[in-house]
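**Q** My structure is stored as query27.txt, with compact mmCIF, C-alpha atoms.
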```
# COMPACT_ATOMS: atom_id res chain seq x y z
CA MET M 10 43.93 41.44 68.06
CA SER M 11 46.25 39.32 65.94
CA ARG M 12 49.40 40.80 64.50
CA LEU M 13 50.53 40.54 60.92
CA TYR M 14 54.06 39.62 59.88
CA MET M 15 55.53 40.09 56.42
CA ALA M 16 58.51 38.62 54.59
CA ARG M 17 59.83 39.43 51.17
CA ASN M 18 59.19 36.70 48.64
CA PRO M 19 62.63 35.36 47.69
CA LYS M 20 61.31 34.38 44.28
CA VAL M 21 60.95 37.93 43.00
CA ALA M 22 63.68 40.17 41.61
CA ALA M 23 63.90 43.61 43.19
CA ARG M 24 65.94 46.75 42.71
CA GLY M 25 65.75 50.26 44.04
CA LEU M 26 66.85 53.12 41.82
CA ASP M 27 66.46 56.84 42.54
CA GLY M 28 64.18 56.00 45.44
CA GLU M 29 61.91 53.93 43.21
CA MET M 30 61.52 50.25 43.97
CA MET M 31 60.91 47.95 41.03
CA ILE M 32 59.96 44.33 41.46
CA MET M 33 59.56 41.62 38.86
CA SER M 34 57.62 38.49 39.48
CA GLY M 35 59.76 35.41 39.00
CA ARG M 36 56.68 33.48 38.02
CA ASP M 37 55.33 35.50 35.09
CA SER M 38 57.78 38.44 34.66
CA THR M 39 55.15 41.01 35.64
CA LEU M 40 56.81 44.30 36.60
CA PHE M 41 55.63 46.26 39.64
CA THR M 42 56.72 49.72 40.72
CA LEU M 43 56.12 50.30 44.41
CA ASN M 44 54.92 53.61 45.83
CA LYS M 45 56.58 55.09 48.93
CA THR M 46 54.42 53.25 51.45
CA ALA M 47 54.75 49.94 49.63
CA THR M 48 58.50 50.46 49.45
CA ILE M 49 58.62 50.96 53.23
CA LEU M 50 56.67 47.76 53.75
CA TRP M 51 58.94 45.89 51.34
CA GLN M 52 62.11 47.14 52.99
CA SER M 53 60.79 46.41 56.48
CA ALA M 54 59.41 42.97 55.71
CA ASP M 55 61.91 40.90 57.68
CA GLY M 56 59.46 38.24 58.80
CA THR M 57 59.87 39.09 62.49
CA THR M 58 58.80 42.73 62.94
CA PRO M 59 55.01 42.96 63.19
CA LEU M 60 53.22 45.31 60.83
CA ASP M 61 51.89 47.56 63.60
CA GLU M 62 55.46 48.25 64.76
CA ILE M 63 56.56 49.01 61.20
CA VAL M 64 53.64 51.39 60.80
CA GLU M 65 54.40 53.12 64.06
CA ARG M 66 58.15 53.46 63.44
CA ARG M 67 58.35 53.96 59.69
CA ILE M 68 55.02 55.33 58.50
CA CYS M 69 53.49 57.36 61.33
CA ALA M 70 56.90 58.87 62.02
CA ASP M 71 57.31 60.07 58.44
CA PHE M 72 53.76 60.80 57.35
CA GLU M 73 51.10 62.84 59.10
CA VAL M 74 48.55 60.11 59.51
CA GLU M 75 46.47 58.65 62.35
CA PRO M 76 47.98 55.36 63.60
CA ALA M 77 44.73 53.39 63.29
CA GLU M 78 44.10 54.64 59.78
CA ALA M 79 47.74 54.03 58.79
CA LEU M 80 47.61 50.47 60.11
CA HIS M 81 44.36 49.77 58.27
CA ASP M 82 45.79 51.08 55.00
CA ALA M 83 49.11 49.28 55.49
CA GLU M 84 47.35 46.01 56.16
CA SER M 85 45.30 46.37 52.96
CA LEU M 86 48.47 47.17 51.04
CA ALA M 87 50.34 44.20 52.56
CA ARG M 88 47.52 41.87 51.56
CA GLU M 89 47.53 43.30 48.04
CA LEU M 90 51.30 42.81 47.75
CA ALA M 91 50.82 39.27 49.03
CA SER M 92 48.15 38.65 46.40
CA HIS M 93 50.78 39.47 43.78
CA GLU M 94 53.23 37.15 45.57
CA ILE M 95 55.57 40.04 46.28
CA LEU M 96 55.27 39.56 50.04
CA GLN M 97 54.48 36.59 52.21
CA ILE M 98 52.16 37.44 55.12
CA SER M 99 51.33 35.47 58.22
CA GLU M 100 49.86 35.92 61.67
CA GLU M 101 52.97 34.21 63.03
CA PRO M 102 56.59 35.33 62.58
CA ILE M 103 58.01 33.96 59.35
CA PRO M 104 61.24 31.98 59.84
CA PRO M 105 64.32 33.51 58.17
CA ARG M 106 64.94 30.41 56.07
CA ASN M 107 61.74 31.22 54.20
CA ALA M 108 62.25 34.95 54.10
CA ALA M 109 64.47 37.25 52.10
CA ALA M 110 66.71 34.46 50.82
CA GLY M 111 66.95 36.12 47.44
CA GLU M 112 67.43 39.66 48.63
CA SER M 113 71.16 39.98 48.42
CA ARG M 114 70.95 42.24 45.37
CA THR M 115 67.96 44.30 46.39
CA GLY M 116 69.85 47.27 47.69
CA GLU M 117 72.68 47.38 45.20
CA SER M 118 71.51 50.46 43.36
CA GLN M 119 69.70 52.27 46.07
CA MET J 2 63.52 -11.89 -0.30
CA PRO J 3 65.58 -8.70 -0.41
CA GLU J 4 65.14 -6.30 2.47
CA LEU J 5 63.53 -3.03 1.48
CA THR J 6 64.87 0.07 3.11
CA THR J 7 64.20 3.73 2.56
CA GLU J 8 66.85 6.25 3.32
CA VAL J 9 65.66 9.79 3.85
CA GLU J 10 68.30 12.42 3.36
CA ARG J 11 68.86 14.61 6.40
CA LEU J 12 69.38 18.23 5.41
CA SER J 13 70.97 20.78 7.67
CA LEU J 14 71.90 24.41 7.89
CA VAL J 15 73.25 26.73 10.54
CA ILE J 16 71.43 29.97 11.33
CA GLU J 17 73.85 32.23 13.13
CA ILE J 18 72.33 35.24 14.85
CA GLY J 19 74.23 37.37 17.33
CA GLY J 20 77.26 35.17 16.90
CA ILE J 21 75.33 32.19 18.28
CA PRO J 22 75.01 29.36 15.76
CA VAL J 23 71.84 27.28 15.77
CA ARG J 24 71.86 24.20 13.61
CA VAL J 25 68.59 22.87 12.23
CA HIS J 26 67.90 19.55 10.53
CA THR J 27 65.00 18.66 8.28
CA THR J 28 64.19 16.03 5.73
CA ASP J 29 62.11 18.43 3.63
CA PRO J 30 64.12 20.16 0.86
CA ALA J 31 61.39 22.75 0.27
CA PHE J 32 61.38 23.73 3.94
CA LEU J 33 65.17 23.94 3.95
CA SER J 34 65.03 26.18 0.89
CA MET J 35 62.47 28.40 2.58
CA LEU J 36 64.75 28.74 5.61
CA GLN J 37 67.69 29.63 3.40
CA ASP J 38 65.67 32.43 1.80
CA ARG J 39 64.17 33.69 5.03
CA TYR J 40 67.46 33.85 6.92
CA ASP J 41 69.55 34.96 3.97
CA GLY J 42 72.76 36.50 5.27
CA PHE J 43 72.52 34.57 8.54
CA VAL J 44 72.77 31.06 7.09
CA THR J 45 75.67 28.70 6.70
CA SER J 46 74.82 25.60 4.73
CA VAL J 47 76.26 22.32 5.93
CA GLU J 48 77.63 20.24 3.11
CA SER J 49 77.28 16.49 3.34
CA GLY J 50 80.47 14.87 4.54
CA GLU J 51 81.74 13.82 7.93
CA ASP J 52 84.17 16.65 8.55
CA CYS J 53 81.76 19.50 7.81
CA GLU J 54 78.99 17.87 9.79
CA ALA J 55 81.28 17.29 12.73
CA ALA J 56 82.58 20.84 12.57
CA ALA J 57 79.09 22.33 12.46
CA GLU J 58 77.95 20.15 15.33
CA ARG J 59 80.91 21.21 17.39
CA LEU J 60 80.18 24.86 16.71
CA ALA J 61 76.42 24.88 17.15
CA GLU J 62 75.10 26.25 20.42
CA ILE J 63 71.77 24.55 19.75
CA ASP J 64 70.99 21.64 17.48
CA PHE J 65 67.32 21.41 16.50
CA GLU J 66 65.74 18.47 14.73
CA ILE J 67 62.63 19.77 12.95
CA GLU J 68 59.68 17.46 12.64
CA LEU J 69 57.16 18.82 10.18
CA THR J 70 53.56 17.90 10.90
CA PRO J 71 50.58 17.98 8.54
CA THR J 72 48.80 21.30 8.15
CA ARG J 73 46.20 21.88 10.81
CA PHE J 74 44.51 24.86 12.35
CA ALA J 75 46.76 26.56 14.86
CA ASP J 76 46.71 29.97 16.37
CA PRO J 77 50.11 31.71 16.14
CA GLU J 78 48.68 34.45 18.39
CA ALA J 79 48.17 31.95 21.19
CA VAL J 80 50.01 32.46 24.45
CA VAL J 81 53.62 31.31 24.49
CA ARG J 82 54.65 29.04 27.35
CA VAL J 83 58.29 28.49 28.11
CA THR J 84 59.01 26.20 31.02
CA GLN J 85 61.92 24.21 32.32
CA HIS J 86 61.90 20.87 34.05
CA ARG J 87 65.06 19.04 35.11
CA GLY J 88 67.25 20.89 32.65
CA ARG J 89 64.93 20.50 29.71
CA TRP J 90 63.13 23.49 28.22
CA THR J 91 59.71 23.20 26.65
CA LEU J 92 58.58 25.96 24.30
CA GLU J 93 54.92 25.87 23.32
CA ARG J 94 52.47 27.92 21.33
CA GLY J 95 49.37 27.00 19.38
CA ASP J 96 51.45 26.38 16.26
CA PHE J 97 54.56 24.65 17.65
CA ARG J 98 56.07 22.60 20.41
CA ALA J 99 59.80 22.56 20.90
CA GLU J 100 62.09 21.00 23.46
CA TRP J 101 65.69 21.84 24.16
CA GLU J 102 68.24 20.47 26.60
CA PRO J 103 71.10 22.96 27.07
CA ALA J 104 73.43 20.33 28.53
CA SER J 105 73.38 18.25 25.36
CA ARG J 106 72.66 21.29 23.15
CA ARG J 107 70.06 19.21 21.35
CA GLY J 108 66.40 19.84 20.82
CA THR J 109 63.39 19.21 18.63
CA ILE J 110 60.80 21.43 16.99
CA ARG J 111 57.45 20.05 15.97
CA GLN J 112 55.58 22.39 13.64
CA THR J 113 53.93 22.69 10.26
CA ALA J 114 55.97 23.82 7.26
CA ASN J 115 55.69 27.53 7.90
CA PRO J 116 58.34 30.17 8.63
CA TYR J 117 56.65 31.81 11.62
CA SER J 118 56.86 28.94 14.06
CA ILE J 119 60.59 28.38 13.74
CA ASP J 120 61.10 32.15 13.86
CA ALA J 121 59.37 32.24 17.24
CA VAL J 122 61.34 29.24 18.50
CA LEU J 123 64.60 30.89 17.49
CA ARG J 124 63.70 34.13 19.25
CA ILE J 125 62.79 32.31 22.44
CA ALA J 126 65.87 30.09 22.33
CA HIS J 127 68.09 33.13 21.91
CA THR J 128 66.47 34.86 24.91
CA LEU J 129 67.25 31.79 27.01
CA VAL J 130 70.88 31.69 25.90
CA LEU J 131 71.35 35.45 26.30
CA ALA J 132 69.74 35.59 29.75
CA ARG J 133 72.62 33.61 31.22
CA GLN J 134 75.16 35.89 29.53
CA GLY J 135 73.80 39.29 30.58
CA GLY J 136 72.22 39.98 27.19
CA PHE J 137 68.68 40.18 25.88
CA LEU J 138 66.37 40.78 22.94
CA LEU J 139 64.65 44.15 22.94
CA HIS J 140 61.61 45.49 21.13
CA SER J 141 63.56 48.13 19.28
CA ALA J 142 64.96 49.09 15.93
CA SER J 143 68.73 49.42 15.77
CA ALA J 144 71.30 50.74 13.37
CA ILE J 145 75.02 51.36 13.12
CA ARG J 146 76.34 54.79 12.26
CA ASN J 147 79.97 55.92 12.44
CA GLY J 148 80.93 52.60 13.98
CA LYS J 149 78.47 52.89 16.85
CA ALA J 150 75.15 51.15 17.35
CA PHE J 151 72.00 52.99 18.40
CA LEU J 152 68.79 51.39 19.63
CA PHE J 153 65.32 52.89 19.17
CA ALA J 154 62.84 51.30 21.54
CA GLY J 155 59.13 51.57 21.75
CA VAL J 156 55.91 49.68 21.64
CA SER J 157 53.96 49.14 18.44
CA GLU J 158 53.33 52.44 16.59
CA ALA J 159 56.07 54.21 18.59
CA GLY J 160 58.05 54.76 15.40
CA LYS J 161 60.51 51.86 15.10
CA THR J 162 59.63 51.24 11.47
CA THR J 163 59.51 54.96 10.69
CA ILE J 164 62.95 55.69 12.14
CA SER J 165 64.31 52.66 10.25
CA ARG J 166 62.77 53.79 6.99
CA LEU J 167 64.25 57.27 7.43
CA ALA J 168 67.78 55.96 8.05
CA PRO J 169 70.35 57.68 5.79
CA PRO J 170 72.58 55.71 3.39
CA ASP J 171 75.52 55.81 5.78
CA ALA J 172 73.52 54.01 8.48
CA THR J 173 73.45 50.20 8.54
CA LEU J 174 70.12 48.81 9.65
CA LEU J 175 70.42 45.98 12.17
CA THR J 176 66.68 45.47 12.61
CA ASP J 177 63.44 47.42 12.50
CA GLU J 178 61.81 45.31 15.21
CA ILE J 179 63.93 43.22 17.58
CA SER J 180 67.41 44.21 18.66
CA TYR J 181 69.98 41.68 19.75
CA VAL J 182 72.06 42.85 22.72
CA ARG J 183 75.08 41.04 24.14
CA LYS J 184 77.30 42.07 27.01
CA ARG J 185 80.92 42.42 26.10
CA ASP J 186 83.59 43.53 28.59
CA ALA J 187 82.41 46.77 30.18
CA GLY J 188 79.86 47.55 27.49
CA TYR J 189 77.24 46.12 25.18
CA VAL J 190 77.18 45.15 21.51
CA ALA J 191 74.20 45.18 19.14
CA TYR J 192 73.94 42.56 16.39
CA GLY J 193 71.86 42.49 13.26
CA THR J 194 68.88 40.16 13.24
CA PRO J 195 66.62 38.59 10.63
CA PHE J 196 63.64 39.33 12.88
CA THR J 197 61.68 41.88 10.89
CA GLY J 198 58.78 44.15 11.62
CA GLU J 199 56.61 46.19 9.28
CA LEU J 200 59.57 47.07 7.09
CA ALA J 201 59.98 43.38 6.23
CA LYS J 202 63.67 43.89 5.57
CA LEU J 203 66.33 41.68 7.12
CA GLY J 204 68.96 43.45 9.19
CA GLU J 205 72.60 43.31 8.18
CA ASN J 206 74.55 40.54 9.88
CA VAL J 207 77.06 42.89 11.52
CA SER J 208 77.62 44.28 15.02
CA ALA J 209 78.92 47.35 16.83
CA PRO J 210 79.27 48.66 20.39
CA ILE J 211 76.07 50.27 21.64
CA ALA J 212 76.44 54.04 22.13
CA GLY J 213 72.88 54.83 23.14
CA LEU J 214 69.32 53.71 23.62
CA TYR J 215 66.57 56.07 22.56
CA LEU J 216 63.00 55.75 23.75
CA LEU J 217 60.90 56.85 20.80
CA ALA J 218 58.13 59.42 20.95
CA LYS J 219 56.47 61.18 18.05
CA GLY J 220 56.22 64.95 18.47
CA ALA J 221 56.27 68.35 16.82
CA GLU J 222 60.05 68.72 16.76
CA ASN J 223 63.22 66.65 16.79
CA ARG J 224 64.86 66.64 20.19
CA ILE J 225 66.74 64.44 22.62
CA ASP J 226 66.02 64.65 26.34
CA PRO J 227 67.75 62.79 29.13
CA ILE J 228 65.57 60.59 31.29
CA PRO J 229 66.07 59.57 34.92
CA PRO J 230 67.71 56.17 35.51
CA ALA J 231 64.61 54.68 37.13
CA GLU J 232 62.46 55.59 34.13
CA ALA J 233 65.16 54.24 31.83
CA ALA J 234 65.19 50.92 33.67
CA ARG J 235 61.40 50.72 33.75
CA SER J 236 61.15 51.45 30.02
CA LEU J 237 63.85 48.95 29.17
CA LEU J 238 62.16 46.24 31.23
CA ALA J 239 58.84 47.01 29.55
CA ASN J 240 60.39 46.46 26.12
CA LEU J 241 62.36 43.29 26.85
CA LEU J 242 61.38 40.09 25.11
CA PHE J 243 61.26 37.43 27.73
CA PHE J 244 59.02 34.42 27.93
CA ALA J 245 60.44 31.94 30.41
CA GLU J 246 58.55 31.01 33.54
CA ASP J 247 61.80 30.56 35.38
CA GLU J 248 62.74 32.43 38.54
CA GLU J 249 66.47 32.23 38.00
CA LEU J 250 66.36 33.58 34.46
CA VAL J 251 63.80 36.26 35.35
CA GLN J 252 66.13 37.47 38.09
CA ALA J 253 69.11 37.39 35.71
CA THR J 254 67.29 39.33 33.00
CA PHE J 255 65.89 41.83 35.49
CA HIS J 256 69.35 42.63 36.85
CA SER J 257 70.80 42.72 33.32
CA ALA J 258 68.41 45.56 32.50
CA PHE J 259 69.70 47.61 35.43
CA GLU J 260 73.26 46.81 34.48
CA PHE J 261 72.56 48.01 30.94
CA VAL J 262 71.10 51.38 31.99
CA SER J 263 74.05 51.93 34.30
CA ARG J 264 76.45 51.60 31.36
CA VAL J 265 74.57 52.84 28.28
CA PRO J 266 73.09 56.35 27.96
CA VAL J 267 69.30 56.21 27.67
CA SER J 268 67.39 59.23 26.32
CA ARG J 269 64.03 60.12 24.93
CA LEU J 270 64.06 60.84 21.20
CA THR J 271 61.09 62.92 20.15
CA PHE J 272 60.84 63.19 16.40
CA VAL J 273 58.79 64.32 13.46
CA PRO J 274 58.66 61.73 10.70
CA ASP J 275 61.26 63.10 8.31
CA ALA J 276 64.91 62.33 7.68
CA ARG J 277 66.24 65.32 9.66
CA VAL J 278 65.89 63.34 12.88
CA TRP J 279 69.00 61.42 11.87
CA GLU J 280 71.00 64.67 12.15
CA LEU J 281 70.77 64.07 15.91
CA ILE J 282 72.01 60.48 15.74
CA GLY J 283 75.62 59.38 15.56
```
How does the structure come out when it is put into C-alpha cells?

**A**
Amino acid sequence: MSRLYMARNPKVAARGLDGEMMIMSGRDSTLFTLNKTATILWQSADGTTPLDEIVERRICADFEVEPAEALHDAESLARELASHEILQISEEPIPPRNAAAGESRTGESQ
Amino acid sequence: MPELTTEVERLSLVIEIGGIPVRVHTTDPAFLSMLQDRYDGFVTSVESGEDCEAAAERLAEIDFEIELTPTRFADPEAVVRVTQHRGRWTLERGDFRAEWEPASRRGTIRQTANPYSIDAVLRIAHTLVLARQGGFLLHSASAIRNGKAFLFAGVSEAGKTTISRLAPPDATLLTDEISYVRKRDAGYVAYGTPFTGELAKLGENVSAPIAGLYLLAKGAENRIDPIPPAEAARSLLANLLFFAEDEELVQATFHSAFEFVSRVPVSRLTFVPDARVWELIG
C-alpha cells in the first residue's frame, strides 16, 4: 500500500488563534477555518512524515477511533485540503525546499 | 503652408483620501467638474503653472491619466480582477481597465465618463497601498465621538446605514459604508471617506484613533457583548475589502487583520433601530 505525504502550501497565509486555525488562500483570498482534525493534519504536514504515522500518533492517540477508519477519513480530508491548495500531497516525501517555506508566522498567535 | 496644431488642455485634481493623495488628469472639463462634486471635501484642485503642478506631482502617491472612452454597454457588477506582473498592477472590471506602476507612481484609467468606475479604481488602489502599510478598507460604517473613532462592521442589511443615520449631532460620520483604517504607532486610525452606501452622504475628511470595532446585529435590545479573538479575526477578515490576486499582499492583509484584533477591542453590538443605541457608544 502506498503512503501519503503532506506539506503545507507556502502560498497560503495561516494563523492559529484560541485553538482555531484560519487559512487564507493566496490565490483568491478565500478564508478557511480548519476543524480539529484538519488542524492536526496542517500542523503535522512536514512533507516527510507519512499520513499513517500522523494518524497513529496524533489522531488515534487523542480520539477514540479505529485506526483504519481514522486513516481513511484523514486521507479524504488531506485530499480535500489539497483540492483547495492548502496542502500539497504526494506519494513520495516532499522536499523541504517546496514545503512550509512560508510558515514562519503560522504559530505566532497560537 | 502653416502647420495646424491642436492643443488640448490637461486638467488635474488631487483626491486625497486617508492622507494619501491621488492625482488624476483628464482633458474633459465636464468629467473634472463631476469629480470635484463627487469628492467634495477630499479634492485639491491643481492650478495651471509649473510650481503647483510640480508640487502636486511630488506629493501624489498615485498619478492617474484618465482616458475617457465612448459610451458602451458594460457591466459594473462584473467580477473585479486585480493582478500584478513585473511591478505593474492591472485593475479590470467590465466597465474599466486601469494600470498602475507603484515604482513610477504613474498609471492610467480607461473608462467611460461615469463616476462609478473611477470610484472602484480608487478603492482598489487604496487597498493596494494600505496592504503594504498594515492598513485596510473595511465594510463598515465609522464615526468619531469624543475624539475617538468607532467602526460598525457588517454585511449588507446588518445595519451600517441605520447606525449612521441614528448618529447624534456630536458624532462625526466618517462613512456609512467603507471605513479607511491605517496603522499608526501602536494603534490604528480611521479616516473619513467619500465612499458612500445607502445614505449617499460623504464622510467628513477627518481622522481619529480607533477605540473599538463593533460587529452589528439587529436585536430586541441594545447591548454590547465581548467576542472571542478568533471570532473577531474571522469576522474582520470576512468584511475586508481586498481584490488582489497576489500572494504577498494577501499574506500581508491577512496578518494585518490579526494584528488589528490584538490591539483594538472588538465586540458585538446588538441594537434596536432607535437613537438610544448611541448611549452605549463613546

**Q** What are the closest atom pairs, with distances in Å to one decimal, for all residues of chain M lying within 6 Å of chain J? Consider all atoms listed in the file, order rows by chain and residue number, and present the result as a Markdown table.

**A**
```
| residue | atom | partner | partner_atom | distance |
| --- | --- | --- | --- | --- |
| M:Ala22 | CA | J:Gln252 | CA | 5.1 |
| M:Leu26 | CA | J:Ala231 | CA | 5.4 |
| M:Gly35 | CA | J:Glu248 | CA | 4.2 |
| M:Arg36 | CA | J:Glu246 | CA | 5.4 |
| M:Asp37 | CA | J:Glu246 | CA | 5.7 |
```

**Q** Extract, using all atoms listed in the file, all DNA, RNA and protein residues at most 10 Å from segment 106-112 of chain J, discarding same-chain residues fewer than 6 positions from it, and format them as a VMD selection string.

**A** chain J and resid 23 to 26 58 61 to 73 75 89 to 100 118 to 119 122

**Q** Show me, as a list in words, the residues that have an atom within 10 Å of Thr45 of chain J when counting only C-alpha atoms, minus same-chain residues fewer than 5 positions from it.

**A**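 My reading of the contact set: Ser13, Leu14, Val15, Ile16, Glu17, Pro22, Val23, Arg24, Gln37, Tyr40 and Ala57 of chain J.
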
**Q** Could you state the separation of atom CA of Pro59 of chain M and atom CA of Leu80 of chain M in Å, given to one decimal place?

**A**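 Computed distance, atom CA of Pro59 of chain M to atom CA of Leu80 of chain M, equals 11.0 Å.
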
**Q** Report, as AutoDock Vina command-line options, the axis-aligned box around all atoms of segment 223-233 of chain J present in the file, extended by 8 Å on each side; give centre and edge lengths in Å to one decimal place.

**A**
```
--center_x 65.1 --center_y 60.4 --center_z 27.0 --size_x 21.3 --size_y 28.4 --size_z 36.3
```

**Q** Tell me which of M:Glu73, M:Glu94, M:Glu84, M:Glu101 sits closest to Asp61 of chain M, counting all atoms listed in the file.

**A** M:Glu84

**Q** Rounded to one decimal in Å, what is the spacing between atom CA of Lys161 of chain J and atom CA of Ala142 of chain J?

**A**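 Computed distance, atom CA of Lys161 of chain J to atom CA of Ala142 of chain J, equals 5.3 Å.
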
**Q** My structure is short of atoms at segment 7-26 of chain J; please model N, CA and C atoms there, returning them as a short mmCIF file (atom, residue, chain, number, x, y, z; two decimals), keeping the file's coordinate frame.

**A**
```cif
data_model
loop_
_atom_site.label_atom_id
_atom_site.label_comp_id
_atom_site.auth_asym_id
_atom_site.auth_seq_id
_atom_site.Cartn_x
_atom_site.Cartn_y
_atom_site.Cartn_z
N THR J 7 64.32 2.40 3.13
CA THR J 7 64.20 3.73 2.56
C THR J 7 65.11 4.66 3.33
N GLU J 8 65.96 5.31 2.64
CA GLU J 8 66.85 6.25 3.32
C GLU J 8 66.40 7.67 3.00
N VAL J 9 66.10 8.42 4.04
CA VAL J 9 65.66 9.79 3.85
C VAL J 9 66.84 10.71 4.14
N GLU J 10 67.15 11.55 3.18
CA GLU J 10 68.30 12.42 3.36
C GLU J 10 68.02 13.47 4.43
N ARG J 11 68.98 13.63 5.32
CA ARG J 11 68.86 14.61 6.40
C ARG J 11 69.57 15.88 5.95
N LEU J 12 68.83 16.97 5.89
CA LEU J 12 69.38 18.23 5.41
C LEU J 12 69.59 19.17 6.59
N SER J 13 70.65 19.92 6.53
CA SER J 13 70.97 20.78 7.67
C SER J 13 71.46 22.14 7.21
N LEU J 14 71.25 23.12 8.07
CA LEU J 14 71.90 24.41 7.89
C LEU J 14 72.08 25.06 9.25
N VAL J 15 72.98 26.01 9.29
CA VAL J 15 73.25 26.73 10.54
C VAL J 15 72.76 28.17 10.39
N ILE J 16 71.92 28.58 11.31
CA ILE J 16 71.43 29.97 11.33
C ILE J 16 72.16 30.66 12.47
N GLU J 17 73.03 31.57 12.11
CA GLU J 17 73.85 32.23 13.13
C GLU J 17 73.39 33.66 13.34
N ILE J 18 72.81 33.91 14.49
CA ILE J 18 72.33 35.24 14.85
C ILE J 18 73.05 35.67 16.12
N GLY J 19 73.54 36.88 16.14
CA GLY J 19 74.23 37.37 17.33
C GLY J 19 75.48 36.58 17.66
N GLY J 20 76.06 35.96 16.66
CA GLY J 20 77.26 35.17 16.90
C GLY J 20 76.98 33.83 17.55
N ILE J 21 75.70 33.47 17.66
CA ILE J 21 75.33 32.19 18.28
C ILE J 21 74.74 31.28 17.20
N PRO J 22 75.48 30.24 16.83
CA PRO J 22 75.01 29.36 15.76
C PRO J 22 73.96 28.35 16.24
N VAL J 23 72.89 28.27 15.49
CA VAL J 23 71.84 27.28 15.77
C VAL J 23 71.71 26.40 14.54
N ARG J 24 71.90 25.12 14.74
CA ARG J 24 71.86 24.20 13.61
C ARG J 24 70.49 23.55 13.55
N VAL J 25 69.89 23.51 12.37
CA VAL J 25 68.59 22.87 12.23
C VAL J 25 68.68 21.75 11.18
N HIS J 26 67.93 20.70 11.44
CA HIS J 26 67.90 19.55 10.53
C HIS J 26 66.46 19.33 10.07
#
```
